[in-house]
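J.: One file is attached below, upload_28.cif, containing mmCIF, C-alpha atoms and all ligand atoms.
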data_upload
#
loop_
_atom_site.group_PDB
_atom_site.id
_atom_site.type_symbol
_atom_site.label_atom_id
_atom_site.label_comp_id
_atom_site.auth_asym_id
_atom_site.auth_seq_id
_atom_site.Cartn_x
_atom_site.Cartn_y
_atom_site.Cartn_z
ATOM 1 C CA MET I 1 6.969 -2.380 22.574
ATOM 2 C CA GLU I 2 9.243 0.110 20.903
ATOM 3 C CA ILE I 3 9.714 -0.152 17.161
ATOM 4 C CA SER I 4 12.797 1.443 15.676
ATOM 5 C CA PHE I 5 13.901 1.785 12.073
ATOM 6 C CA LYS I 6 17.207 3.432 12.917
ATOM 7 C CA ASN I 7 19.763 2.886 10.137
ATOM 8 C CA LYS I 8 17.063 1.454 7.851
ATOM 9 C CA ARG I 9 16.213 2.833 4.405
ATOM 10 C CA VAL I 10 12.545 2.422 3.534
ATOM 11 C CA LEU I 11 10.721 3.082 0.264
ATOM 12 C CA VAL I 12 7.023 4.011 0.425
ATOM 13 C CA THR I 13 4.972 4.262 -2.763
ATOM 14 C CA GLY I 14 1.891 6.433 -3.060
ATOM 15 C CA ALA I 15 3.233 8.592 -0.256
ATOM 16 C CA GLY I 16 1.909 11.899 -1.581
ATOM 17 C CA GLN I 17 -1.345 11.732 0.347
ATOM 18 C CA GLY I 18 -3.588 9.481 2.427
ATOM 19 C CA ILE I 19 -2.328 6.332 4.113
ATOM 20 C CA GLY I 20 1.027 6.285 2.298
ATOM 21 C CA ARG I 21 1.879 9.803 3.425
ATOM 22 C CA SER I 22 1.216 8.892 7.059
ATOM 23 C CA ILE I 23 3.242 5.676 6.751
ATOM 24 C CA ALA I 24 6.197 7.707 5.423
ATOM 25 C CA ILE I 25 5.936 10.225 8.262
ATOM 26 C CA GLU I 26 5.656 7.604 11.021
ATOM 27 C CA LEU I 27 8.591 5.641 9.581
ATOM 28 C CA TRP I 28 10.618 8.841 9.665
ATOM 29 C CA ARG I 29 9.536 9.433 13.278
ATOM 30 C CA ALA I 30 10.732 5.886 14.077
ATOM 31 C CA GLY I 31 14.188 6.714 12.752
ATOM 32 C CA ALA I 32 14.033 5.462 9.150
ATOM 33 C CA GLN I 33 15.586 7.145 6.156
ATOM 34 C CA VAL I 34 12.460 7.402 4.037
ATOM 35 C CA VAL I 35 12.099 7.761 0.280
ATOM 36 C CA ALA I 36 8.559 8.743 -0.737
ATOM 37 C CA VAL I 37 7.547 7.893 -4.292
ATOM 38 C CA SER I 38 4.308 9.159 -5.773
ATOM 39 C CA ARG I 39 2.693 10.744 -8.799
ATOM 40 C CA THR I 40 1.518 14.307 -8.081
ATOM 41 C CA LYS I 41 4.526 16.559 -7.537
ATOM 42 C CA SER I 42 2.643 19.147 -5.449
ATOM 43 C CA HIS I 43 1.617 16.478 -2.899
ATOM 44 C CA LEU I 44 5.227 15.333 -2.582
ATOM 45 C CA ASP I 45 6.499 18.909 -2.370
ATOM 46 C CA SER I 46 4.206 19.597 0.573
ATOM 47 C CA LEU I 47 5.454 16.403 2.298
ATOM 48 C CA HIS I 48 9.075 17.456 1.775
ATOM 49 C CA HIS I 49 8.263 20.973 2.986
ATOM 50 C CA GLU I 50 6.859 19.565 6.244
ATOM 51 C CA TYR I 51 9.531 16.846 6.599
ATOM 52 C CA PRO I 52 12.703 17.918 4.760
ATOM 53 C CA ALA I 53 14.501 14.679 5.737
ATOM 54 C CA ILE I 54 12.071 12.627 3.639
ATOM 55 C CA GLN I 55 13.421 12.232 0.102
ATOM 56 C CA ILE I 56 10.755 12.576 -2.592
ATOM 57 C CA VAL I 57 10.572 11.101 -6.085
ATOM 58 C CA SER I 58 7.769 11.913 -8.496
ATOM 59 C CA VAL I 59 7.047 9.217 -11.074
ATOM 60 C CA ASP I 60 3.963 7.601 -12.600
ATOM 61 C CA LEU I 61 4.224 4.014 -11.336
ATOM 62 C CA GLY I 62 1.847 3.019 -14.099
ATOM 63 C CA ASN I 63 4.683 3.612 -16.567
ATOM 64 C CA TRP I 64 6.739 0.381 -16.278
ATOM 65 C CA ASP I 65 10.004 1.670 -17.804
ATOM 66 C CA ALA I 66 10.021 5.102 -16.144
ATOM 67 C CA ALA I 67 9.177 3.596 -12.757
ATOM 68 C CA ARG I 68 11.808 0.859 -13.054
ATOM 69 C CA LYS I 69 14.494 3.378 -13.954
ATOM 70 C CA ALA I 70 13.511 5.759 -11.146
ATOM 71 C CA ILE I 71 13.424 3.023 -8.472
ATOM 72 C CA ASP I 72 16.650 1.428 -9.701
ATOM 73 C CA GLN I 73 18.502 4.730 -9.253
ATOM 74 C CA LEU I 74 17.523 4.901 -5.577
ATOM 75 C CA GLY I 75 19.868 2.120 -4.445
ATOM 76 C CA HIS I 76 19.345 -0.429 -1.682
ATOM 77 C CA PHE I 77 16.366 -0.498 0.688
ATOM 78 C CA ASP I 78 15.865 -2.495 3.879
ATOM 79 C CA ALA I 79 12.089 -2.298 3.587
ATOM 80 C CA LEU I 80 9.370 -1.457 1.086
ATOM 81 C CA VAL I 81 5.720 -0.450 1.386
ATOM 82 C CA ASN I 82 3.741 -0.933 -1.820
ATOM 83 C CA ASN I 83 0.866 1.430 -1.082
ATOM 84 C CA ALA I 84 0.129 3.297 -4.342
ATOM 85 C CA ALA I 85 -3.195 2.386 -5.910
ATOM 86 C CA VAL I 86 -6.178 3.826 -7.680
ATOM 87 C CA GLY I 87 -9.788 3.158 -6.807
ATOM 88 C CA LEU I 88 -12.986 3.663 -8.732
ATOM 89 C CA THR I 89 -16.562 2.523 -8.499
ATOM 90 C CA GLU I 90 -18.290 1.004 -11.479
ATOM 91 C CA ASP I 91 -20.885 -1.755 -11.649
ATOM 92 C CA PHE I 92 -19.723 -5.109 -12.991
ATOM 93 C CA LEU I 93 -21.978 -4.958 -16.070
ATOM 94 C CA THR I 94 -20.620 -1.578 -17.157
ATOM 95 C CA THR I 95 -16.959 -2.116 -16.234
ATOM 96 C CA THR I 96 -14.795 -0.929 -19.128
ATOM 97 C CA PRO I 97 -11.611 -2.598 -20.385
ATOM 98 C CA GLU I 98 -9.802 0.742 -19.934
ATOM 99 C CA ASN I 99 -10.628 0.894 -16.232
ATOM 100 C CA PHE I 100 -9.757 -2.780 -15.766
ATOM 101 C CA ASP I 101 -6.350 -2.177 -17.355
ATOM 102 C CA LEU I 102 -5.773 1.001 -15.329
ATOM 103 C CA LEU I 103 -6.394 -0.684 -11.980
ATOM 104 C CA MET I 104 -4.465 -3.834 -12.816
ATOM 105 C CA ASN I 105 -1.579 -1.736 -14.104
ATOM 106 C CA VAL I 106 -1.202 0.549 -11.092
ATOM 107 C CA ASN I 107 -2.494 -1.688 -8.289
ATOM 108 C CA VAL I 108 -0.794 -4.941 -9.323
ATOM 109 C CA LYS I 109 1.729 -4.641 -12.180
ATOM 110 C CA ALA I 110 3.472 -1.599 -10.651
ATOM 111 C CA MET I 111 3.733 -3.529 -7.361
ATOM 112 C CA LEU I 112 5.472 -6.367 -9.205
ATOM 113 C CA ASN I 113 7.792 -3.907 -10.958
ATOM 114 C CA VAL I 114 8.855 -1.964 -7.864
ATOM 115 C CA SER I 115 9.190 -5.135 -5.784
ATOM 116 C CA GLN I 116 11.399 -6.850 -8.369
ATOM 117 C CA VAL I 117 13.862 -3.964 -8.395
ATOM 118 C CA VAL I 118 13.922 -3.578 -4.608
ATOM 119 C CA ALA I 119 14.029 -7.325 -3.844
ATOM 120 C CA LYS I 120 16.933 -7.953 -6.233
ATOM 121 C CA LYS I 121 19.009 -5.379 -4.377
ATOM 122 C CA MET I 122 17.958 -6.840 -1.012
ATOM 123 C CA ILE I 123 19.100 -10.273 -2.206
ATOM 124 C CA ASP I 124 22.430 -8.892 -3.470
ATOM 125 C CA ALA I 125 23.049 -7.153 -0.130
ATOM 126 C CA LYS I 126 22.351 -10.449 1.735
ATOM 127 C CA LYS I 127 20.779 -8.533 4.624
ATOM 128 C CA GLY I 128 17.175 -9.687 4.251
ATOM 129 C CA GLY I 129 14.310 -7.247 4.243
ATOM 130 C CA ALA I 130 10.606 -6.714 4.713
ATOM 131 C CA ILE I 131 7.861 -5.776 2.289
ATOM 132 C CA VAL I 132 4.272 -4.823 3.102
ATOM 133 C CA ASN I 133 1.757 -4.674 0.278
ATOM 134 C CA ILE I 134 -1.376 -2.660 0.958
ATOM 135 C CA SER I 135 -4.334 -4.793 -0.022
ATOM 136 C CA SER I 136 -7.949 -4.360 1.139
ATOM 137 C CA GLN I 137 -10.929 -6.172 2.576
ATOM 138 C CA ALA I 138 -12.037 -5.924 -1.067
ATOM 139 C CA SER I 139 -9.640 -8.763 -1.895
ATOM 140 C CA LYS I 140 -11.789 -11.203 0.064
ATOM 141 C CA ALA I 141 -15.354 -9.846 0.030
ATOM 142 C CA ALA I 142 -17.646 -8.776 -2.782
ATOM 143 C CA LEU I 143 -18.232 -5.016 -2.616
ATOM 144 C CA TRP I 144 -20.983 -3.633 -4.826
ATOM 145 C CA GLY I 145 -19.582 -1.443 -7.619
ATOM 146 C CA HIS I 146 -16.002 -2.540 -7.011
ATOM 147 C CA ALA I 147 -15.459 -5.339 -9.565
ATOM 148 C CA THR I 148 -12.103 -4.162 -10.902
ATOM 149 C CA TYR I 149 -10.898 -2.927 -7.512
ATOM 150 C CA CYS I 150 -11.786 -6.251 -5.834
ATOM 151 C CA ALA I 151 -10.069 -8.145 -8.675
ATOM 152 C CA SER I 152 -6.939 -6.027 -8.369
ATOM 153 C CA LYS I 153 -6.699 -6.526 -4.606
ATOM 154 C CA GLY I 154 -7.321 -10.268 -4.969
ATOM 155 C CA ALA I 155 -4.317 -10.257 -7.291
ATOM 156 C CA VAL I 156 -2.303 -8.330 -4.689
ATOM 157 C CA ASP I 157 -2.949 -11.070 -2.108
ATOM 158 C CA ALA I 158 -1.996 -13.798 -4.586
ATOM 159 C CA LEU I 159 1.153 -11.974 -5.690
ATOM 160 C CA THR I 160 2.111 -11.479 -2.044
ATOM 161 C CA ARG I 161 1.836 -15.196 -1.266
ATOM 162 C CA VAL I 162 4.222 -16.056 -4.110
ATOM 163 C CA MET I 163 6.606 -13.276 -3.093
ATOM 164 C CA ALA I 164 6.583 -14.653 0.471
ATOM 165 C CA LEU I 165 7.356 -18.120 -0.881
ATOM 166 C CA GLU I 166 10.142 -17.143 -3.279
ATOM 167 C CA LEU I 167 11.748 -14.321 -1.271
ATOM 168 C CA GLY I 168 11.485 -16.052 2.121
ATOM 169 C CA PRO I 169 14.664 -18.101 1.544
ATOM 170 C CA HIS I 170 16.491 -14.758 1.233
ATOM 171 C CA ASN I 171 15.085 -13.696 4.627
ATOM 172 C CA ILE I 172 12.792 -11.193 2.926
ATOM 173 C CA ARG I 173 9.337 -11.265 4.549
ATOM 174 C CA VAL I 174 6.315 -10.206 2.493
ATOM 175 C CA ASN I 175 2.874 -9.564 3.994
ATOM 176 C CA THR I 176 -0.304 -7.635 3.253
ATOM 177 C CA VAL I 177 -2.586 -5.512 5.348
ATOM 178 C CA ASN I 178 -6.257 -5.566 4.321
ATOM 179 C CA PRO I 179 -8.046 -2.499 5.678
ATOM 180 C CA THR I 180 -11.729 -1.686 5.690
ATOM 181 C CA VAL I 181 -12.903 1.774 4.634
ATOM 182 C CA ILE I 182 -10.557 4.584 5.666
ATOM 183 C CA MET I 183 -11.809 8.088 4.915
ATOM 184 C CA THR I 184 -8.949 9.293 2.714
ATOM 185 C CA GLU I 185 -9.570 10.787 -0.732
ATOM 186 C CA MET I 186 -9.965 7.220 -2.025
ATOM 187 C CA GLY I 187 -12.276 6.273 0.826
ATOM 188 C CA LYS I 188 -14.466 9.313 0.209
ATOM 189 C CA LEU I 189 -14.814 8.320 -3.438
ATOM 190 C CA GLY I 190 -16.577 5.079 -2.590
ATOM 191 C CA TRP I 191 -18.218 5.744 0.746
ATOM 192 C CA SER I 192 -19.300 9.409 1.056
ATOM 193 C CA ASP I 193 -22.906 8.519 0.274
ATOM 194 C CA PRO I 194 -24.490 8.054 3.767
ATOM 195 C CA ALA I 195 -26.720 5.207 2.545
ATOM 196 C CA LYS I 196 -23.751 3.248 1.167
ATOM 197 C CA ALA I 197 -21.695 4.018 4.283
ATOM 198 C CA ALA I 198 -24.499 2.824 6.564
ATOM 199 C CA GLY I 199 -24.696 -0.486 4.691
ATOM 200 C CA MET I 200 -20.988 -1.069 5.173
ATOM 201 C CA LEU I 201 -20.945 0.111 8.799
ATOM 202 C CA ALA I 202 -23.722 -2.355 9.621
ATOM 203 C CA LYS I 203 -21.399 -5.192 8.573
ATOM 204 C CA ILE I 204 -18.449 -4.067 10.719
ATOM 205 C CA PRO I 205 -18.774 -5.489 14.256
ATOM 206 C CA LEU I 206 -16.868 -2.547 15.756
ATOM 207 C CA GLY I 207 -19.420 -0.257 14.080
ATOM 208 C CA ARG I 208 -17.005 2.236 12.561
ATOM 209 C CA PHE I 209 -14.572 2.755 9.708
ATOM 210 C CA GLY I 210 -10.826 2.542 10.315
ATOM 211 C CA GLU I 211 -8.433 5.377 11.044
ATOM 212 C CA VAL I 212 -5.311 6.010 8.974
ATOM 213 C CA SER I 213 -3.219 5.548 12.135
ATOM 214 C CA GLU I 214 -4.655 2.046 12.622
ATOM 215 C CA VAL I 215 -3.310 1.004 9.232
ATOM 216 C CA VAL I 216 0.017 2.747 9.819
ATOM 217 C CA ASN I 217 0.567 0.947 13.147
ATOM 218 C CA ALA I 218 0.002 -2.479 11.578
ATOM 219 C CA VAL I 219 2.309 -1.677 8.644
ATOM 220 C CA LEU I 220 5.129 -0.519 10.928
ATOM 221 C CA PHE I 221 4.784 -3.672 13.042
ATOM 222 C CA LEU I 222 4.908 -5.995 10.013
ATOM 223 C CA LEU I 223 7.915 -4.129 8.598
ATOM 224 C CA SER I 224 9.791 -4.286 11.879
ATOM 225 C CA ASP I 225 11.968 -6.962 13.451
ATOM 226 C CA LYS I 226 9.145 -7.534 15.977
ATOM 227 C CA ALA I 227 7.397 -9.457 13.182
ATOM 228 C CA SER I 228 10.480 -11.505 12.320
ATOM 229 C CA MET I 229 8.582 -14.828 11.917
ATOM 230 C CA ILE I 230 5.555 -13.370 10.118
ATOM 231 C CA ASN I 231 5.649 -14.043 6.390
ATOM 232 C CA GLY I 232 2.833 -14.408 3.855
ATOM 233 C CA VAL I 233 -0.036 -13.227 6.068
ATOM 234 C CA GLU I 234 -3.001 -11.149 4.948
ATOM 235 C CA LEU I 235 -3.881 -9.063 8.002
ATOM 236 C CA PRO I 236 -7.406 -7.617 8.093
ATOM 237 C CA ILE I 237 -7.684 -4.175 9.720
ATOM 238 C CA ASP I 238 -11.429 -4.195 9.457
ATOM 239 C CA GLY I 239 -13.084 -4.225 12.867
ATOM 240 C CA GLY I 240 -14.162 -7.813 12.219
ATOM 241 C CA PHE I 241 -15.847 -7.325 8.811
ATOM 242 C CA LEU I 242 -14.161 -10.347 7.215
ATOM 243 C CA ALA I 243 -14.783 -12.568 10.228
ATOM 244 C CA CYS I 244 -18.564 -12.427 9.766
HETATM 245 P P1 LIG E 1 -5.269 7.901 -1.788
HETATM 246 O O1 LIG E 1 -6.005 8.002 -3.071
HETATM 247 O O2 LIG E 1 -5.569 8.876 -0.706
HETATM 248 O O3 LIG E 1 -3.701 7.901 -2.055
HETATM 249 C C1 LIG E 1 -3.152 7.066 -3.029
HETATM 250 C C2 LIG E 1 -1.724 7.451 -3.289
HETATM 251 O O4 LIG E 1 -1.219 6.641 -4.370
HETATM 252 C C3 LIG E 1 -1.598 8.900 -3.726
HETATM 253 O O5 LIG E 1 -0.471 9.494 -3.129
HETATM 254 C C4 LIG E 1 -1.436 8.769 -5.226
HETATM 255 O O6 LIG E 1 -0.714 9.824 -5.832
HETATM 256 C C5 LIG E 1 -0.646 7.480 -5.345
HETATM 257 N N1 LIG E 1 -0.758 6.948 -6.707
HETATM 258 C C6 LIG E 1 -1.884 6.585 -7.352
HETATM 259 N N2 LIG E 1 -1.600 6.228 -8.610
HETATM 260 C C7 LIG E 1 -0.258 6.379 -8.762
HETATM 261 C C8 LIG E 1 0.625 6.195 -9.841
HETATM 262 N N3 LIG E 1 0.201 5.797 -11.042
HETATM 263 N N4 LIG E 1 1.933 6.454 -9.655
HETATM 264 C C9 LIG E 1 2.389 6.886 -8.451
HETATM 265 N N5 LIG E 1 1.596 7.076 -7.398
HETATM 266 C C10 LIG E 1 0.280 6.836 -7.553
HETATM 267 O O7 LIG E 1 -5.559 6.418 -1.271
HETATM 268 P P2 LIG E 1 -5.455 5.779 0.184
HETATM 269 O O8 LIG E 1 -4.422 6.452 0.971
HETATM 270 O O9 LIG E 1 -6.821 5.647 0.719
HETATM 271 O O10 LIG E 1 -4.998 4.298 -0.202
HETATM 272 C C11 LIG E 1 -3.701 3.798 0.089
HETATM 273 C C12 LIG E 1 -3.737 2.292 -0.086
HETATM 274 O O11 LIG E 1 -4.697 1.724 0.812
HETATM 275 C C13 LIG E 1 -4.157 1.839 -1.487
HETATM 276 O O12 LIG E 1 -3.428 0.698 -1.836
HETATM 277 C C14 LIG E 1 -5.619 1.499 -1.304
HETATM 278 O O13 LIG E 1 -6.084 0.603 -2.279
HETATM 279 C C15 LIG E 1 -5.593 0.899 0.082
HETATM 280 N N6 LIG E 1 -6.862 0.881 0.780
HETATM 281 C C16 LIG E 1 -7.565 2.022 0.980
HETATM 282 C C17 LIG E 1 -8.764 1.986 1.634
HETATM 283 C C18 LIG E 1 -9.589 3.199 1.859
HETATM 284 O O14 LIG E 1 -10.781 3.051 2.204
HETATM 285 N N7 LIG E 1 -9.049 4.399 1.733
HETATM 286 C C19 LIG E 1 -9.313 0.707 2.143
HETATM 287 C C20 LIG E 1 -8.486 -0.425 1.887
HETATM 288 C C21 LIG E 1 -7.314 -0.339 1.228
HETATM 289 P P3 LIG E 1 -1.324 11.303 -6.041
HETATM 290 O O15 LIG E 1 -0.635 12.113 -5.021
HETATM 291 O O16 LIG E 1 -1.010 11.635 -7.434
HETATM 292 O O17 LIG E 1 -2.818 11.204 -5.806
#
As structure tokens - that is how I would like this structure written.
Ligand code: NDP

T.:
Amino acid sequence: MEISFKNKRVLVTGAGQGIGRSIAIELWRAGAQVVAVSRTKSHLDSLHHEYPAIQIVSVDLGNWDAARKAIDQLGHFDALVNNAAVGLTEDFLTTTPENFDLLMNVNVKAMLNVSQVVAKKMIDAKKGGAIVNISSQASKAALWGHATYCASKGAVDALTRVMALELGPHNIRVNTVNPTVIMTEMGKLGWSDPAKAAGMLAKIPLGRFGEVSEVVNAVLFLLSDKASMINGVELPIDGGFLAC
């Protein structure tokens, strides 16, 4: 099955490093015109240095007005990947209101903001579109020390279902992928401790964490015309963790 994004413009958020960076690169390889939006300029500069055809935009998506203005200026997109997020570990009893606000702001509210701007232009263009929101297994399962992160990803799933409902009539499909641990910078933050990692690995039937490429492949499929009847799904990429 060959997936092509020829003549498609795709916006990827959080594309400076980790999963988002690889999604941007693979979309480019598949023929897309890619715009990579992220926060740290040096990460984006290195992406642009390696792949000059990928347009880069540095903005803090946690700043509603600045993000809205920056995304609005980029014009029409055929597809969007809402990937940017922050993670942190903190026990429920010591979770601070500041950290709760930070995660809800970047992981959920920024997704709403970017999606509103992009979806309105998709609707105006009357050409449909596809959106993939990067959620997590944390949206469905309790992970120790991840109260705010789990809450934010639960909100991502809920937001996605409503987007699928309300944007579907405009032929805009909206889905999530829900990966298990992937050893990016964010993954290392929560799972570098061998004891914690072993506890998680024991609950994954395939007995390993995921690879970045395994998330990228699922995202490209859901964004593509090959998934033309798939709308509103939450796709685990978790080696069976959520099935048990
Ligand atoms: P990384 O921390 O490696 O990368 C996150 C990216 O998001 C970075 O490029 C970062 O920018 C960007 N970002 C964060 N905050 C902002 C902001 N305020 N404005 C703009 N950009 C921002 O994470 P991953 O690649 O691991 O995660 C990607 C997605 O996958 C996230 O949604 C995450 O929740 C999800 N996920 C990750 C899992 C894992 O184990 N790694 C498991 C399940 C889901 P900067 O360059 O400044 O760091």

J.: Report as a ChimeraX atom specification the residues that result from applying the PyMOL selection byres (((not hetatm)) within 8 of (chain E and resi 1)) to the structure here.

T.: /I:13-21,37-44,58-63,82-87,106-107,133-138,149,153,178-188,190

J.: Nearest to Val118 in chain I among I:Val10, I:Leu88, I:Ala158, I:Ala202, with distances taken over all atoms listed in the file: which residue is it?

T.: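 The answer is I:Val10, which sits nearest to Val118 in chain I.
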
J.: Could you list, as number ranges by chain, every residue matched by the PyMOL selection byres (((chain I and resi 116) around 12) and not hetatm) in this structure?

T.: I: 64, 67-68, 71-72, 80, 82, 109-115, 117-123, 131, 159, 163, 166-167

J.: Would you pick out the contacts of Ala30 in chain I at 12 Å or less, using all atoms listed in the file, so that residues sharing its chain but fewer than 5 positions from it are not included, and give the list as a PyMOL selection string?

T.: chain I and resi 2-10+23-25+216-217+220-221+223-224

J.: Report, in Å to a single decimal, how far apart CA of Glu211 in chain I and CA of Asn175 in chain I are.

T.: 20.0 Å

J.: For a quick check of understanding, using all atoms listed in the file, which of I:Ala130, I:Val12, I:Trp28, I:Pro52 has the smallest distance to Val81 in chain I?

T.: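 Nearest to Val81 in chain I: I:Val12.
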
J.: When distances are computed from only C-alpha atoms, which of I:Gly232, I:Gly128, I:Gly31, I:Pro97 shows the smallest separation from Leu165 in chain I?

T.: I:Gly232

J.: From the list I:Ser152, I:Gly239, I:Val34, I:Ile204, which residue is nearest Phe100 in chain I when using all atoms listed in the file?

T.: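 Distance minimum relative to Phe100 in chain I lands on I:Ser152.
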
J.: Which residue out of I:Cys150, I:Glu234, I:Glu26, I:Leu11 has the minimum interatomic distance to Thr89 in chain I when all atoms listed in the file are used?

T.: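 For Thr89 in chain I, the nearest of the given residues is I:Cys150.
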
J.: If I take CA of Ala141 in chain I and CA of Leu242 in chain I, how far is one from the other in Å, to one decimal?

T.: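 Value for the CA of Ala141 in chain I-CA of Leu242 in chain I distance: 7.3 Å.
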
J.: Measure the distance from CA of Gly154 in chain I to CA of Leu103 in chain I in Å and round it to one decimal.

T.: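 Answer for the CA of Gly154 in chain I to CA of Leu103 in chain I separation: 11.9 Å.
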